[in-house]
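Asks: Take this structure, written in structure tokens, and hold onto it; I'll ask about it next.
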Number of protein chains: 2
Amino acid sequence: MPAMEPSVLFERVALIGIGLIGSSLARVIQRDGLARSIAVAARTQATLDTAKALELGDTFTLDLSRVVEGADLVMICAPMGAYAAIANTIGPALKPGAIVSDVGSVKAVAIRDLRPHLPAGVHLVPGHPVAGTEHSGPEAGFAELFQGRWCILTPEPNADASAVERIADLWRRAGMMIEIMDAVHHDAVLAITSHLPHLIAYTIVDTAAQLEEDLQQEVVKFSAGGFRDFTRIAASDPVMWRDIFLANRDAVLEILGRFDEDLTALQRAIRRGEGAKLEEAFTRSRAIRRGVIAAKQA
Amino acid sequence: MPAMEPSVLFERVALIGIGLIGSSLARVIQRDGLARSIAVAARTQATLDTAKALELGDTFTLDLSRVVEGADLVMICAPMGAYAAIANTIGPALKPGAIVSDVGSVKAVAIRDLRPHLPAGVHLVPGHPVAGTEHSGPEAGFAELFQGRWCILTPEPNADASAVERIADLWRRAGMMIEIMDAVHHDAVLAITSHLPHLIAYTIVDTAAQLEEDLQQEVVKFSAGGFRDFTRIAASDPVMWRDIFLANRDAVLEILGRFDEDLTALQRAIRRGEGAKLEEAFTRSRAIRRGVIAAKQA
């Protein structure tokens with residue numbers, strides 16, 4: 001067997017799920033020649049056909065046992081509610097020494113659902129590339145999606161260091177910065193930065209969706225005043241987000257409780273006409289924005 | 001006196017307030033030669049100096065009585081909390097036949113605060129160009145700000161039709177589409193499309209601002225998951241928004257009540273693990289997004 005070229009990180013990558021993230025990663029791997037072959041699995045034939053038409057891999061199948069055959073990396077890019085069933089199916093078919101990784105937004109549950117089904121000698125490296133758009137499906141992906149963003153890896157304490165490093169390297173090639181974090185801590189941070197904002201955006205857009213028909217049309221028409229930004233966030237994949245809220249229930253409910261207190265305080269200030277309190281809270285928020293800009297995440 | 005060139009809509013425009021909206025309008029008027037002269041007033045000498053350095057007008061003063069002298073259009077672009085005092089000061093100095101208009105986000109209160117101070121023979125045309133960015137101040141303005149957006153005018157039932165048409169024409173030249181609406185109805189629509197989204201964004205960012213220092217830094221670092229969009233909205237001018245919430249109190253509290261019910265329902269669904277309910281609400285929200293895109297307001 002010839003020595004690997006420097007760019008090749010894996011012999012055979014299996015992608016389970018080929019939506020926004022999976023298809024974007026496929027494009028990165030193809031662009032930079034990071035694997036000798038890509039095997040793609042999807043839940044539906046329609047998605048698989050789209051992925052095939054887009055040439056996002058070398059082989060395509062609905063059979064999860066087959067897609068992982070001979071793969072040294074199995075990357076799970078599916079909604080989190082399917083993790084346990086996926087792991088249960090692929091477990092016996094995994095190649096010894098293979099790395100199983102994922103891109104899910106909640107890490108404690110990812111470990112809980114994947115770990116029991118993986119045989120000894122297979123490495124688990126849970127990951128979360130913090131990147132995305134409001135679009136979904138294989139056609140929505142693009143190789144630049146990850147550029148300049150953070151990828152958080154949450155390996156277990158006894159994880160194989162070289163397996164972690166190989167996954168870190170993959171995401172670095174995609175343009176990401178790497179952070180290693182405890183899974184539970186990850187879930188608390190993301191509950192604030194991602195899960196609560198999505199829940200709020202979904203709620204406010206749903207509030208509008210339940211207005212009388214004529215008022216609803218006006219809301220859409222005059223959405224440029226702030227509402228349209230929420231509709232963009234609330235256009236993300238409903239199944240993916242359903243699973244995220246169920247998977248990160250405790251952390252989301254905890255931060256939601258704090259948010260609710262703060263909203264009630266502002267509501268009271270409005271009712272009582274306490275302008276100084278409003279101005280003070282609004283001014284405090286500006287400082288956080290400056291932090292986001294300084295961190296180059298704006 | 002020579003006949004007016006076709007482009008000239010007003011002899012002399014007085015701008016009271018020269019922030020994001022005022023300075024953007026000044027640039028439109030200058031670009032297209034819509035007025036023979038622009039007189040600029042600001043609340044502070046610092047702002048006035050900036051406006052002068054940017055050459056946003058022909059004359060500059062802190063004196064509101066002087067700025068409206070000889071003006072056939074007085075456009076108020078100041079925080080709404082200052083309206084009554086502004087109108088009280090400029091009232092006696094207004095030229096007979098002059099049009100007083102404004103750009104404030106709440107229209108019933110605009111009429112309440114301006115109307116009593118305007119002499120007979122002066123026309124009031126309340127307006128709201130629904131456009132903006134998170135930046136404020138004279139340097140933040142640009143002529144293209146209004147392009148393709150809606151301007152809502154809320155004239156009183158007995159308003160002078162030709163005065164309304166002249167203001168409509170001004171905003172059309174700025175690239176806006178015009179909608180005529182009852183002031184109270186405007187305030188109800190904007191409470192949903194603009195005021196509630198800003199209140200929510202301010203709240204969630206403020207919730208983060210009150211977290212422990214180390215967690216707060218991580219929130220900023222990993223803000224790309226949704227939070228950063230809220231920080232952008234919550235970076236808007238605190239004084240302007242304080243005044244908007246105080247001015248549109250009843251409509252904001254009414255829609256906030258509905259939002260709160262909907263959020264509580266989703267919170268309960270998360271707590272109980274009711275995935276179907278979550279997915280249903282999230283799917284409903286997508287339809288609204290399609291409406292926003294179809295209405296070319298995305």
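Chains: A, B, ... in order of the structure tokens. Residues: from 1 per chain. Ligands: from 1, in order shown.
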Output the contact residues of chain A with respect to chain B at a cut-off of 7 Å, based on only C-alpha atoms, as a PyMOL selection string.
Replies: chain A and resi 130-131+150+189+193-194+197-198+202-207+209+218-228+231-232+234-235+238-239+242+245-246+249+258-259+262-263+270-271+273+275+278-279+281-286+288-289+291-292+295+297-298
Asks: Please return as JSON, numbers by chain: the residues of region 153-289 of chain B that backbone DSSP assigns to strand (DSSP E or B).
Replies: {"B": [153, 177, 178, 179, 180]}
Asks: Could you turn the residues from that selection into a file that holds C-alpha atoms, as a CSV table (one decimal), in the first residue's frame?
Replies:
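Output below, filename again26.csv:
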```
chain,number,residue,atom,x,y,z
B,153,LEU,CA,-48.0,57.7,6.8
B,177,MET,CA,-43.2,52.4,-1.0
B,178,ILE,CA,-46.0,54.3,0.7
B,179,GLU,CA,-48.8,53.0,2.9
B,180,ILE,CA,-51.5,55.2,4.5
```
Asks: Between CA of Ile21 (chain B) and CA of Leu145 (chain B), what is the spacing in Å?
Replies: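 One can read the CA of Leu145 (chain B) to CA of Ile21 (chain B) distance as 8.3 Å.
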Asks: Among the residues of region 43-252 of chain B, find those DSSP assigns to alpha helix (DSSP H) from the backbone and print them as a JSON list (two decimals) with C-alpha atoms, in the first residue's frame.
Replies:
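Ended up saving to part.json:
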```json
[["chain", "number", "residue", "atom", "x", "y", "z"],
["B", 45, "GLN", "CA", -23.02, 70.60, 20.08],
["B", 46, "ALA", "CA", -21.01, 67.40, 19.51],
["B", 47, "THR", "CA", -23.65, 65.95, 17.19],
["B", 48, "LEU", "CA", -24.03, 69.27, 15.42],
["B", 49, "ASP", "CA", -20.26, 69.46, 14.87],
["B", 50, "THR", "CA", -20.26, 65.95, 13.37],
["B", 51, "ALA", "CA", -23.16, 66.81, 11.06],
["B", 52, "LYS", "CA", -21.34, 69.98, 10.02],
["B", 53, "ALA", "CA", -18.11, 68.09, 9.34],
["B", 64, "LEU", "CA", -35.03, 75.08, 17.43],
["B", 65, "SER", "CA", -36.86, 78.38, 16.89],
["B", 66, "ARG", "CA", -34.22, 79.46, 14.41],
["B", 67, "VAL", "CA", -33.93, 76.16, 12.53],
["B", 83, "TYR", "CA", -41.68, 65.62, 20.80],
["B", 84, "ALA", "CA", -43.91, 67.73, 23.07],
["B", 85, "ALA", "CA", -41.06, 70.04, 24.06],
["B", 86, "ILE", "CA", -39.87, 70.37, 20.46],
["B", 87, "ALA", "CA", -43.37, 71.21, 19.20],
["B", 88, "ASN", "CA", -43.88, 73.67, 22.03],
["B", 89, "THR", "CA", -40.68, 75.48, 21.07],
["B", 90, "ILE", "CA", -41.08, 75.53, 17.30],
["B", 107, "LYS", "CA", -47.85, 57.41, 15.70],
["B", 108, "ALA", "CA", -50.77, 57.95, 18.09],
["B", 109, "VAL", "CA", -48.45, 59.52, 20.66],
["B", 110, "ALA", "CA", -46.70, 61.52, 17.95],
["B", 111, "ILE", "CA", -50.01, 63.16, 17.08],
["B", 112, "ARG", "CA", -50.93, 63.61, 20.74],
["B", 113, "ASP", "CA", -47.63, 65.36, 21.51],
["B", 114, "LEU", "CA", -47.23, 67.46, 18.35],
["B", 161, "ALA", "CA", -54.33, 65.85, 0.94],
["B", 162, "SER", "CA", -51.68, 67.83, -0.94],
["B", 163, "ALA", "CA", -49.47, 68.05, 2.17],
["B", 164, "VAL", "CA", -49.73, 64.27, 2.59],
["B", 165, "GLU", "CA", -48.87, 63.80, -1.07],
["B", 166, "ARG", "CA", -45.78, 66.00, -0.79],
["B", 167, "ILE", "CA", -44.44, 63.91, 2.09],
["B", 168, "ALA", "CA", -45.29, 60.71, 0.22],
["B", 169, "ASP", "CA", -43.38, 62.05, -2.75],
["B", 170, "LEU", "CA", -40.32, 62.82, -0.62],
["B", 171, "TRP", "CA", -40.13, 59.26, 0.67],
["B", 172, "ARG", "CA", -40.80, 57.81, -2.78],
["B", 173, "ARG", "CA", -37.76, 59.70, -4.02],
["B", 183, "ALA", "CA", -52.21, 55.83, 13.68],
["B", 184, "VAL", "CA", -53.59, 53.40, 16.28],
["B", 185, "HIS", "CA", -53.57, 50.53, 13.78],
["B", 186, "HIS", "CA", -49.97, 51.40, 12.83],
["B", 187, "ASP", "CA", -48.98, 51.15, 16.48],
["B", 188, "ALA", "CA", -50.56, 47.70, 16.83],
["B", 189, "VAL", "CA", -48.81, 46.36, 13.72],
["B", 190, "LEU", "CA", -45.43, 47.78, 14.67],
["B", 196, "LEU", "CA", -41.69, 43.17, 20.59],
["B", 197, "PRO", "CA", -38.69, 41.76, 18.65],
["B", 198, "HIS", "CA", -36.50, 44.54, 20.02],
["B", 199, "LEU", "CA", -37.77, 44.02, 23.57],
["B", 200, "ILE", "CA", -37.07, 40.29, 23.32],
["B", 201, "ALA", "CA", -33.62, 40.84, 21.86],
["B", 202, "TYR", "CA", -32.75, 43.35, 24.57],
["B", 203, "THR", "CA", -33.97, 40.91, 27.22],
["B", 204, "ILE", "CA", -32.04, 37.88, 26.01],
["B", 205, "VAL", "CA", -28.83, 39.86, 25.62],
["B", 206, "ASP", "CA", -29.37, 41.37, 29.05],
["B", 207, "THR", "CA", -29.91, 37.89, 30.49],
["B", 208, "ALA", "CA", -26.48, 37.00, 29.10],
["B", 209, "ALA", "CA", -25.02, 40.25, 30.42],
["B", 213, "GLU", "CA", -18.03, 36.58, 33.97],
["B", 214, "ASP", "CA", -16.42, 33.39, 32.59],
["B", 215, "LEU", "CA", -19.67, 32.00, 31.20],
["B", 216, "GLN", "CA", -20.37, 35.39, 29.63],
["B", 217, "GLN", "CA", -17.06, 35.28, 27.77],
["B", 218, "GLU", "CA", -17.93, 31.87, 26.36],
["B", 219, "VAL", "CA", -21.35, 33.10, 25.30],
["B", 220, "VAL", "CA", -19.69, 35.85, 23.29],
["B", 221, "LYS", "CA", -17.13, 33.44, 21.86],
["B", 227, "PHE", "CA", -27.23, 34.75, 19.81],
["B", 228, "ARG", "CA", -25.20, 37.17, 17.70],
["B", 229, "ASP", "CA", -28.28, 38.06, 15.62],
["B", 230, "PHE", "CA", -29.97, 39.17, 18.83],
["B", 231, "THR", "CA", -26.95, 41.22, 19.90],
["B", 232, "ARG", "CA", -27.17, 43.10, 16.63],
["B", 233, "ILE", "CA", -30.81, 44.00, 17.18],
["B", 238, "PRO", "CA", -31.18, 52.85, 24.00],
["B", 239, "VAL", "CA", -32.83, 56.28, 24.33],
["B", 240, "MET", "CA", -34.81, 55.91, 21.12],
["B", 241, "TRP", "CA", -36.07, 52.52, 22.24],
["B", 242, "ARG", "CA", -36.83, 53.63, 25.79],
["B", 243, "ASP", "CA", -39.12, 56.27, 24.31],
["B", 244, "ILE", "CA", -40.75, 53.82, 21.89],
["B", 245, "PHE", "CA", -41.73, 51.40, 24.66],
["B", 246, "LEU", "CA", -43.09, 54.19, 26.82],
["B", 247, "ALA", "CA", -44.99, 55.68, 23.87],
["B", 249, "ARG", "CA", -47.05, 50.87, 26.09],
["B", 250, "ASP", "CA", -50.52, 49.43, 25.65],
["B", 251, "ALA", "CA", -49.95, 47.76, 22.27],
["B", 252, "VAL", "CA", -46.58, 46.36, 23.41]]
```
Asks: List the spatial neighbours of Leu62 (chain A) as a PDB file with N, CA and C atoms, in the first residue's frame - criterion: any atom at most 9 Å away, only C-alpha atoms, same-chain residues fewer than 6 positions off excluded.
Replies:
```
ATOM      1  N   VAL A  40     -22.055   7.687   1.551  1.00  0.00           N
ATOM      2  CA  VAL A  40     -23.147   8.523   2.047  1.00  0.00           C
ATOM      3  C   VAL A  40     -24.380   7.673   2.344  1.00  0.00           C
ATOM      4  N   ALA A  41     -24.962   7.910   3.533  1.00  0.00           N
ATOM      5  CA  ALA A  41     -26.249   7.291   3.861  1.00  0.00           C
ATOM      6  C   ALA A  41     -27.252   8.384   4.201  1.00  0.00           C
ATOM      7  N   ALA A  42     -28.499   8.174   3.812  1.00  0.00           N
ATOM      8  CA  ALA A  42     -29.563   9.113   4.168  1.00  0.00           C
ATOM      9  C   ALA A  42     -30.753   8.318   4.662  1.00  0.00           C
ATOM     10  N   ARG A  43     -31.714   9.013   5.278  1.00  0.00           N
ATOM     11  CA  ARG A  43     -32.882   8.328   5.821  1.00  0.00           C
ATOM     12  C   ARG A  43     -33.902   8.040   4.714  1.00  0.00           C
ATOM     13  N   THR A  44     -33.960   8.949   3.713  1.00  0.00           N
ATOM     14  CA  THR A  44     -34.941   8.762   2.639  1.00  0.00           C
ATOM     15  C   THR A  44     -34.249   8.638   1.275  1.00  0.00           C
ATOM     16  N   GLN A  45     -34.926   7.938   0.372  1.00  0.00           N
ATOM     17  CA  GLN A  45     -34.398   7.773  -0.974  1.00  0.00           C
ATOM     18  C   GLN A  45     -34.299   9.120  -1.693  1.00  0.00           C
ATOM     19  N   LEU A  48     -31.194  10.847  -0.672  1.00  0.00           N
ATOM     20  CA  LEU A  48     -30.068  10.114  -1.231  1.00  0.00           C
ATOM     21  C   LEU A  48     -29.901  10.430  -2.726  1.00  0.00           C
TER      22      LEU A  48
END
```
